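Engineer: For reference, the structure I am asking about is given below.
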Amino acid sequence: MPNHRARTNSSGRTRVVEEETEDPDITKKSRIMVFKSMMSSTKLFVLVLLCMQNTMFTVLRRYSQGVLKEVYSKYEVLLVGELIKFVYSAYKIASELSQGEKAVPKLRYLLRRSSKMAVLACIYGAMNILSFVALRNISAGMFTVFAQLKILTTATCSSVMLNRSYSMTKWRALISLMMGVLLFSEPIWNRDDNSKNPEGGNVMLGTAAVLIEVTLSGFASIYFEKVIKTDPEQLGIWERNYQLAFGSIPIYLMFMMWEDGGVAGYFGGWSVVAGILALLGAAGGMLVALSIKHGDSILKTLATTGAIVLSAALDHYVLGGPLTNIMCIAGVIVVISICNYTFDMSPPETPLQTEPKTDKPDEEIALTKSSVRY
């Protein structure tokens, strides 16, 4: 609202100056709108579910491999999870078809149009290979330190690929979040046996591998979000999960054969716990897609980061895992950083717009012109 003030210049004359001041009521309303958009029921529900899924998966895997000493192949668990996701997504697609539309032609069409999700599956496969290369050449502690850069690479890729601009409050929150997670994982990188590089390893090669991996992780998250929100086809979550699972299955089969079934052989050492882990893995893939659909990749990262703190606390009280004073302080830093990012009152970003569909093919245009001519 304009505010009139009297000012005296150097000659002694008084003049009225109109100044623009911010209306506190409008500012308060805009902040309330920002808060409501961030805390929408669907978005919050999906993010909480994703956090709980990550927590349950981490604690159960720790119980399975750390307490029960089960020796099944992790790639078999991931493969079964993708098969569950593939079948369930196909069922959901078939159940949501309109009357008279057949499921088989629809599913075939989706498989023919799955090239974008196949690219994402290949990126995930490359990240697995890079992790293996990195851990063969650098220590687990050094790998853990570099892995926290995923938070910043995701935000950077979001700025570049989606033209998003983040306030300084959010950048500070992400940096403090990264430092908090790094401190929280102190028992891993500060142990003597984890600080030594593997014998005969190439530190430069291992460092390059882990840096490429964290860059690909940020790129993959934003690429997935870009496809879900801006692709002209505007396929649903189940269609995208169906396509992604189809592209991931052959990659995990390849890893299984490369590992030769692991210690217990092909599908050896399986138990009820391993089956539950496969179900949780499938649910996690679907929840990631839903969190990106209703939120964005940064909020998804916040949910999975919060799960690190929650799973460590459960691991300590249920399985007797470590929980030092440094971890407690770091956990508080993580929670405060997540709150600082989530409740930042900066104006929200404009939603991503769907890319317009391409024009008609040249053959169709030529056919149209010829029909008009005659």
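As shown in the structure tokens, the chain order sets the letters A, B, ...; within each chain, residues go from 1, and ligands are also counted from 1 in the order they appear.
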Could you give me the residues within range 46-295 of chain A that DSSP places in helix (DSSP H, G or I), as a count of residues only?
Structural biologist: 195
Engineer: I need the residues of range 11-260 of chain A that end up classed as strand (DSSP E) by DSSP on the backbone, written out as a PyMOL selection string.
Structural biologist: chain A and resi 14-20
Engineer: Got time to write the residues from that selection, N, CA and C atoms, as a compact mmCIF listing (two decimals), in the first residue's frame?
Structural biologist:
# COMPACT_ATOMS: atom_id res chain seq x y z
N THR A 14 9.76 21.50 1.83
CA THR A 14 9.19 20.19 2.21
C THR A 14 8.37 19.65 1.05
N ARG A 15 8.57 18.36 0.76
CA ARG A 15 7.79 17.72 -0.31
C ARG A 15 7.27 16.38 0.19
N VAL A 16 6.17 15.98 -0.39
CA VAL A 16 5.54 14.71 0.01
C VAL A 16 6.05 13.61 -0.91
N VAL A 17 6.53 12.52 -0.31
CA VAL A 17 7.07 11.38 -1.06
C VAL A 17 6.16 10.18 -0.86
N GLU A 18 5.80 9.54 -1.95
CA GLU A 18 4.95 8.35 -1.88
C GLU A 18 5.83 7.12 -1.90
N GLU A 19 5.78 6.32 -0.86
CA GLU A 19 6.60 5.12 -0.78
C GLU A 19 5.69 3.90 -0.81
N GLU A 20 6.22 2.85 -1.39
CA GLU A 20 5.46 1.60 -1.50
C GLU A 20 5.86 0.70 -0.33
Engineer: Would you list the contacts of Leu174 in chain A as a VMD selection string, taking every protein, DNA or RNA residue within 12 Å and counting only C-alpha atoms, but skipping same-chain residues closer than 6 positions in sequence?
Structural biologist: chain A and resid 148 to 156 166 to 168 180 to 181 298 to 299 301 to 302 305 333 to 342 344
Engineer: Give me the residues near range 46-48 of chain A as a list in words, where near means some atom within 9 Å (using only C-alpha atoms) and where sequence neighbours in that chain fewer than 3 positions away do not count.
Structural biologist: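 My reading of the contact set: Ser41, Thr42, Lys43, Cys51, Met52, Gln53, Leu287, Val288, Leu290, Ser291, His294, Gly295, Leu299, Lys300, Leu302, Ala303 and Thr304 of chain A.
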Engineer: So, counting only C-alpha atoms, which residue among A:Tyr72, A:Tyr88, A:Tyr109, A:Phe184 is closest to Leu310 in chain A?
Structural biologist: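 Comparing A:Tyr72, A:Tyr88, A:Tyr109, A:Phe184 against Leu310 in chain A, the winner is A:Phe184.
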Engineer: Can you pull out the residues contacting Ala134 in chain A? Cut-off 7 Å, using only C-alpha atoms, and skip same-chain residues under 5 positions away; I want them as a PDB file with N, CA and C atoms, in the first residue's frame.
Structural biologist:
ATOM      1  N   GLY A 206      38.919 -45.081  -8.466  1.00  0.00           N
ATOM      2  CA  GLY A 206      37.802 -45.231  -7.541  1.00  0.00           C
ATOM      3  C   GLY A 206      37.093 -43.920  -7.273  1.00  0.00           C
ATOM      4  N   THR A 207      37.869 -42.836  -7.113  1.00  0.00           N
ATOM      5  CA  THR A 207      37.274 -41.523  -6.881  1.00  0.00           C
ATOM      6  C   THR A 207      36.469 -41.063  -8.090  1.00  0.00           C
ATOM      7  N   ALA A 209      35.065 -42.983 -10.290  1.00  0.00           N
ATOM      8  CA  ALA A 209      33.875 -43.835 -10.409  1.00  0.00           C
ATOM      9  C   ALA A 209      32.765 -43.361  -9.478  1.00  0.00           C
ATOM     10  N   VAL A 210      33.107 -43.053  -8.220  1.00  0.00           N
ATOM     11  CA  VAL A 210      32.065 -42.648  -7.273  1.00  0.00           C
ATOM     12  C   VAL A 210      31.531 -41.258  -7.614  1.00  0.00           C
TER      13      VAL A 210
END
Engineer: How many Å lie between CA of Tyr91 in chain A and CA of Ile292 in chain A, rounded to one decimal?
Structural biologist: 21.9 Å
Engineer: One number please: CA of Thr215 in chain A to CA of Ile249 in chain A, in Å, one decimal.
Structural biologist: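 Those two atoms sit 23.4 Å apart.
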Engineer: So which one's closest to Gly285 in chain A, A:Glu82, A:Glu259, A:Glu76, A:Glu213? Using only C-alpha atoms, please.
Structural biologist: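 Comparing A:Glu82, A:Glu259, A:Glu76, A:Glu213 against Gly285 in chain A, the winner is A:Glu82.
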Engineer: Have a look at CA of Met345 in chain A and CA of Arg164 in chain A and let me know their distance in Å, one decimal.
Structural biologist: 16.0 Å
